[in-house]
Amino acid sequence: MDAEELLKKRFRELARKCYQQNQYTFTGFLSLADLSCFYETEREISYVPYTIWGGSDFCERVMIRFGSGEELGYEEAFPIVCIEVKPLAAKFADELTHRDFLGALMNLGIERSTLGDILIADNIGYLFCIESMADFIIENLAKVKHTSVICGRAKEAPPFTDKDKKEMKIQIPSERIDGVLAKVYRLSRSEAIELFRQKRVFVNGRLCENNSQILKSGDTVSARGCGKFEYSGQMSISKKGKMNASVLCYGK
């Protein structure tokens, strides 16, 4: 049984356990590919309600919670903790990247499924993780790259809002997804199409292999290795008959 089938089996087991034992069940953190795999089983396990959350609207890695208060008669929050990772001496700190934070965590021997997104603001990392790993990370993560850091549970969610999405205006011949991707990430049409061949494009969390799919206003597009944006839709038509459109790029 390949990894994808094992993952689908796990989704079925969690849904069944929720239904039979009348309790919430949770996945670990899922990648975009994992989430797309879940959507392939969605109809099969539709007898159980579910919620998807990663700790913030900006998070790409998410957990699935099977069950609802309406069905189970009680509420249970996602076991997600946000940890603030801050340089001890900001003046002498390296400029830290997502890769730096992730590398430091992997060096602690942590499984990727226990870690959500890592968002960065003002050289401070905000790490989402499973509750059971929070204390271990806080006690053991002492250095990122060459920078000594101090960790603690964030008192509130990271300071990211819709204002952190940057608007980009583009001119496109149509709302085909390959053309929009090419414009947003300054790719040739063949480079954009290659993203689909490599199964790196997701629309609203679902794998998209149809490069001619028409985008609708509000669609969220993630292209692994490129970034993530929300398509705002057509604004007007130019004198030459092209569409003037707008996208909101996520600032991660």
# chains A, B, ... in the order shown; residues from 1 in each chain; ligands from 1

$ select_by_dssp --residues "range 28-246 of chain A" --states "alpha helix (DSSP H)" --output "ChimeraX atom specification"
/A:32-41,69-72,98-106,131-140,177-184,189-197

$ closest_atom_pairs --of "range 51-97 of chain A" --to "range 33-37 of chain A" --cutoff "9 Å" --atoms "only C-alpha atoms" --output "CSV"
residue,atom,partner,partner_atom,distance
A:Arg61,CA,A:Leu35,CA,8.7
A:Val62,CA,A:Leu35,CA,8.1
A:Met63,CA,A:Leu35,CA,8.9
A:Ile64,CA,A:Leu35,CA,8.9

$ write_last_selection --atoms "C-alpha atoms" --output "compact mmCIF listing (two decimals), in the first residue's frame"
# COMPACT_ATOMS: atom_id res chain seq x y z
CA ARG A 61 -0.37 23.47 6.70
CA VAL A 62 -3.58 22.51 8.49
CA MET A 63 -5.16 19.91 10.75
CA ILE A 64 -8.58 18.28 10.27

$ atom_distance --atom1 "CA of Gly28 in chain A" --atom2 "CA of Phe196 in chain A"
26.4 Å

$ residues_around --residues "Arg224 in chain A" --least-positions-apart "5" --cutoff "9 Å" --atoms "only C-alpha atoms" --output "PyMOL selection string"
chain A and resi 32+195+199-202

$ residues_around --residues "range 241-249 of chain A" --least-positions-apart "2" --cutoff "7 Å" --atoms "only C-alpha atoms" --output "list in words"
Lys165, Lys166, Glu167, Met168, Lys169, Ile170, Gln171, Ile172, Pro173, Ser174, Lys228, Phe229, Glu230, Tyr231, Ser232, Gly233, Gln234, Met235, Ser236, Ile237, Ser238, Lys239 and Gly251 of chain A

$ write_last_selection --atoms "N, CA, C and O atoms" --output "compact mmCIF listing (two decimals), in the first residue's frame"
# COMPACT_ATOMS: atom_id res chain seq x y z
N LYS A 165 -1.70 40.95 2.89
CA LYS A 165 -1.83 40.47 1.53
C LYS A 165 -1.59 41.67 0.62
O LYS A 165 -2.23 42.70 0.75
N LYS A 166 -0.66 41.54 -0.29
CA LYS A 166 -0.33 42.65 -1.17
C LYS A 166 -1.08 42.54 -2.48
O LYS A 166 -1.02 41.52 -3.15
N GLU A 167 -1.77 43.62 -2.83
CA GLU A 167 -2.54 43.60 -4.08
C GLU A 167 -1.61 43.74 -5.27
O GLU A 167 -0.67 44.55 -5.27
N MET A 168 -1.87 42.94 -6.29
CA MET A 168 -1.12 43.04 -7.55
C MET A 168 -2.13 43.13 -8.69
O MET A 168 -3.07 42.33 -8.76
N LYS A 169 -1.96 44.12 -9.52
CA LYS A 169 -2.84 44.26 -10.68
C LYS A 169 -2.16 43.66 -11.89
O LYS A 169 -0.99 43.93 -12.16
N ILE A 170 -2.90 42.84 -12.61
CA ILE A 170 -2.32 42.14 -13.77
C ILE A 170 -3.23 42.31 -14.98
O ILE A 170 -4.43 42.58 -14.84
N GLN A 171 -2.67 42.13 -16.15
CA GLN A 171 -3.44 42.17 -17.38
C GLN A 171 -3.32 40.80 -18.05
O GLN A 171 -2.22 40.32 -18.31
N ILE A 172 -4.45 40.16 -18.30
CA ILE A 172 -4.47 38.79 -18.79
C ILE A 172 -5.47 38.65 -19.95
O ILE A 172 -6.46 39.38 -20.01
N PRO A 173 -5.20 37.73 -20.89
CA PRO A 173 -6.14 37.52 -22.00
C PRO A 173 -7.42 36.80 -21.56
O PRO A 173 -8.47 36.96 -22.17
N SER A 174 -7.32 36.00 -20.48
CA SER A 174 -8.49 35.29 -19.95
C SER A 174 -8.21 34.94 -18.49
O SER A 174 -7.12 35.22 -17.98
N LYS A 228 1.55 31.88 -2.81
CA LYS A 228 0.11 31.71 -2.63
C LYS A 228 -0.57 33.05 -2.86
O LYS A 228 -0.06 34.09 -2.45
N PHE A 229 -1.72 33.01 -3.56
CA PHE A 229 -2.46 34.25 -3.78
C PHE A 229 -3.94 33.97 -3.84
O PHE A 229 -4.38 32.83 -4.06
N GLU A 230 -4.71 35.02 -3.65
CA GLU A 230 -6.16 34.96 -3.79
C GLU A 230 -6.55 35.76 -5.02
O GLU A 230 -6.15 36.91 -5.18
N TYR A 231 -7.31 35.13 -5.91
CA TYR A 231 -7.74 35.81 -7.13
C TYR A 231 -8.95 36.66 -6.81
O TYR A 231 -9.98 36.17 -6.39
N SER A 232 -8.81 37.98 -7.01
CA SER A 232 -9.89 38.91 -6.68
C SER A 232 -10.89 39.08 -7.81
O SER A 232 -12.02 39.51 -7.60
N GLY A 233 -10.45 38.78 -9.03
CA GLY A 233 -11.37 38.85 -10.17
C GLY A 233 -11.07 39.98 -11.13
O GLY A 233 -10.17 40.80 -10.94
N GLN A 234 -11.89 40.00 -12.18
CA GLN A 234 -11.75 40.98 -13.23
C GLN A 234 -12.22 42.36 -12.77
O GLN A 234 -13.21 42.50 -12.07
N MET A 235 -11.47 43.38 -13.16
CA MET A 235 -11.81 44.75 -12.79
C MET A 235 -12.38 45.52 -13.98
O MET A 235 -13.35 46.27 -13.85
N SER A 236 -11.75 45.35 -15.14
CA SER A 236 -12.19 46.08 -16.34
C SER A 236 -11.58 45.42 -17.57
O SER A 236 -10.79 44.48 -17.46
N ILE A 237 -11.95 45.93 -18.73
CA ILE A 237 -11.39 45.46 -20.00
C ILE A 237 -10.58 46.59 -20.62
O ILE A 237 -11.04 47.74 -20.68
N SER A 238 -9.37 46.26 -21.07
CA SER A 238 -8.52 47.28 -21.68
C SER A 238 -9.00 47.60 -23.10
O SER A 238 -9.83 46.89 -23.67
N LYS A 239 -8.44 48.65 -23.66
CA LYS A 239 -8.81 49.04 -25.03
C LYS A 239 -8.46 47.96 -26.04
O LYS A 239 -9.08 47.87 -27.10
N GLY A 251 1.85 37.46 2.02
CA GLY A 251 3.22 37.84 2.38
C GLY A 251 3.80 36.93 3.40
O GLY A 251 3.81 37.22 4.58

$ closest_residue --among "A:Trp53, A:Phe92, A:Tyr24, A:Phe38" --to "Leu72 in chain A" --atoms "only C-alpha atoms"
A:Tyr24
